[in-house]
Amino acid sequence: MDLIDRHGRVATDLRVSLTDRCNLRCQYCMPAEGLDWLPTDATLTDDELNRLIRIGVEMLGIRDVRFTGGEPLLRRSLPSIVATTKALPSRPRTAMTSNGLGLKHTARALAEAGLDRVNISLDTTDPATFEKITRRNRLHDVLDGLEAAHEAGLRPVKVNAVLLRGINDHEAPDLLRWCMEHGYELRFIEQMPLDAQHGWNREAMVTADETLDLLGRHFRLTGLDGRGSAPAEKFLVDDGPHTVGIIGSVTKPFCGDCNRVRLTADGQIMNCLFAREESDLRAPMRAGASDAEIADRWIAAMATKLPGHGIDDPTFLQSDRPMSAIGG
């Protein structure tokens with residue numbers, strides 16, 4: 001069985017949110033005081049998570065599993081969950097999207113558990129700007145985490161950066177130089193309407209074209225083919241070997257090639273990052289549903305996926321869940 005929608009797209013990439021909690025307070029994600037976190041009994045247990053991942057991989061054609069949050073490193077059982085996933089017969093590819101805090105102490109254990117690589121969010125290498133964006137003085141911890149991930153073999157280490165107008169957009173060339181010097185692969189991501197405050201403003205967003213122009217003043221960028229279902233348009237920098245990616249989620253959507261499905265920390269299936277409707281797998285699972293019954297519910301959830309996220313539509317409504325409660 002495949003997770004296929006009415007438009008012929010097949011989901012093979014599962015994003016698994018392990019928690020909605022986070023230890024940063026990035027201004028484009030949540031308010032300074034944080035959010036009301038999910039109660040413990042609403043969050044999937046390790047056994048429940050492992051079961052749903054197994055159903056996705058063994059019964060529904062999932063080939064890639066990415067662990068997200070909130071901040072996935074806050075889930076202490078993460079190495080065990082990774083190891084259980086990697087022990088499945090098909091050995092799915094595994095990755096993690098993280099803010100990097102604490103990775104210095106866990107990178108080696110995660111690599112030994114079978115994690116293949118990491119994406120780390122980092123919008124600046126300037127301590128003052130980092131503190132302004134995240135409301136935390138923790139840049140040194142992120143940099144240590146990146147280095148630890150690279151040394152542990154979690155490669156390619158990818159860095160995800162969001163440019164904010166008037167705050168860090170001028171740093172784009174320097175951030176690319178820094179990533180190339182350290183052997184990291186940088187990807188710039190357009191700011192998306194997924195903040196808890198619902199304060200996203202399209203006019204204030206730094207677009208993919210603007211980012212390309214900013215970088216083009218300092219580097220010779222050559223577009224690369226073969227993007228497939230990957231979200232980033234990749235460019236060769238100064239004839240290589242380094243590349244940079246630009247993800248135009250808003251202005252250059254790639255919905256037609258999307259192969260992703262999301263499982264929230266409380267057991268809901270979201271067939272799109274911007275979906276307003278969810279499908280509950282937790283309740284039937286706790287009520288005794290069989291693997292086949294859960295798989296059928298999952299298939300039905302994917303069948304209703306819309307052709308696109310519709311951000312450009314005047315009727316677009318932002319999801320009630322912020323990014324921290326969805327999992328990227």
# chains A, B, ... in the order shown; residues from 1 in each chain; ligands from 1
$ select_by_dssp --residues "region 85-309 of chain A" --states "helix (DSSP H, G or I)" --output "ChimeraX atom specification"
/A:85-86,103-113,127-134,139-151,169-182,202-204,208-216,255-257,282-286,291-303
$ atom_distance --atom1 "CA of Leu103 (chain A)" --atom2 "CA of Val142 (chain A)"
7.7 Å
$ atom_distance --atom1 "CA of Ile81 (chain A)" --atom2 "CA of Thr106 (chain A)"
13.6 Å
$ select_by_dssp --residues "region 20-266 of chain A" --states "strand (DSSP E)" --output "number ranges by chain"
A: 64-68, 93-98, 117-121, 158-161, 185-189, 221-223, 233-237, 243-247, 260-263
$ closest_residue --among "A:Met302, A:Leu224, A:Leu263, A:Cys179" --to "Leu14 (chain A)" --atoms "only C-alpha atoms"
A:Leu263
$ residues_around --residues "Thr134 (chain A)" --least-positions-apart "6" --cutoff "6 Å" --atoms "only C-alpha atoms" --output "list in words"
Leu24, Arg25 and Cys26 of chain A
$ write_last_selection --atoms "all heavy atoms" --output "PDB file, in the first residue's frame"
ATOM      1  N   LEU A  24      14.357  27.435  22.797  1.00  0.00           N
ATOM      2  CA  LEU A  24      14.583  28.774  22.269  1.00  0.00           C
ATOM      3  C   LEU A  24      13.221  29.451  22.105  1.00  0.00           C
ATOM      4  O   LEU A  24      12.175  28.799  22.171  1.00  0.00           O
ATOM      5  CB  LEU A  24      15.318  28.725  20.924  1.00  0.00           C
ATOM      6  CG  LEU A  24      16.752  28.193  20.937  1.00  0.00           C
ATOM      7  CD1 LEU A  24      17.339  28.218  19.527  1.00  0.00           C
ATOM      8  CD2 LEU A  24      17.633  28.988  21.893  1.00  0.00           C
ATOM      9  N   ARG A  25      13.245  30.745  21.876  1.00  0.00           N
ATOM     10  CA  ARG A  25      12.007  31.502  21.688  1.00  0.00           C
ATOM     11  C   ARG A  25      12.150  32.392  20.451  1.00  0.00           C
ATOM     12  O   ARG A  25      12.019  33.614  20.513  1.00  0.00           O
ATOM     13  CB  ARG A  25      11.712  32.369  22.923  1.00  0.00           C
ATOM     14  CG  ARG A  25      11.447  31.585  24.194  1.00  0.00           C
ATOM     15  CD  ARG A  25      10.129  30.832  24.136  1.00  0.00           C
ATOM     16  NE  ARG A  25       9.860  30.105  25.377  1.00  0.00           N
ATOM     17  CZ  ARG A  25      10.236  28.862  25.606  1.00  0.00           C
ATOM     18  NH1 ARG A  25      10.925  28.199  24.679  1.00  0.00           N
ATOM     19  NH2 ARG A  25       9.952  28.272  26.742  1.00  0.00           N
ATOM     20  N   CYS A  26      12.436  31.759  19.306  1.00  0.00           N
ATOM     21  CA  CYS A  26      12.667  32.521  18.082  1.00  0.00           C
ATOM     22  C   CYS A  26      11.450  33.396  17.764  1.00  0.00           C
ATOM     23  O   CYS A  26      10.319  32.917  17.770  1.00  0.00           O
ATOM     24  CB  CYS A  26      12.959  31.580  16.922  1.00  0.00           C
ATOM     25  SG  CYS A  26      14.462  30.602  17.165  1.00  0.00           S
TER      26      CYS A  26
END
$ atom_distance --atom1 "CA of Leu122 (chain A)" --atom2 "CA of Asp238 (chain A)"
22.9 Å
$ residues_around --residues "region 68-70 of chain A" --least-positions-apart "5" --cutoff "9 Å" --atoms "only C-alpha atoms" --output "count of residues only"
21
$ residues_around --residues "Ser249 (chain A)" --least-positions-apart "2" --cutoff "10 Å" --atoms "only C-alpha atoms" --output "PyMOL selection string"
chain A and resi 189-192+207-208+231-232+246-247+251-255+309+311
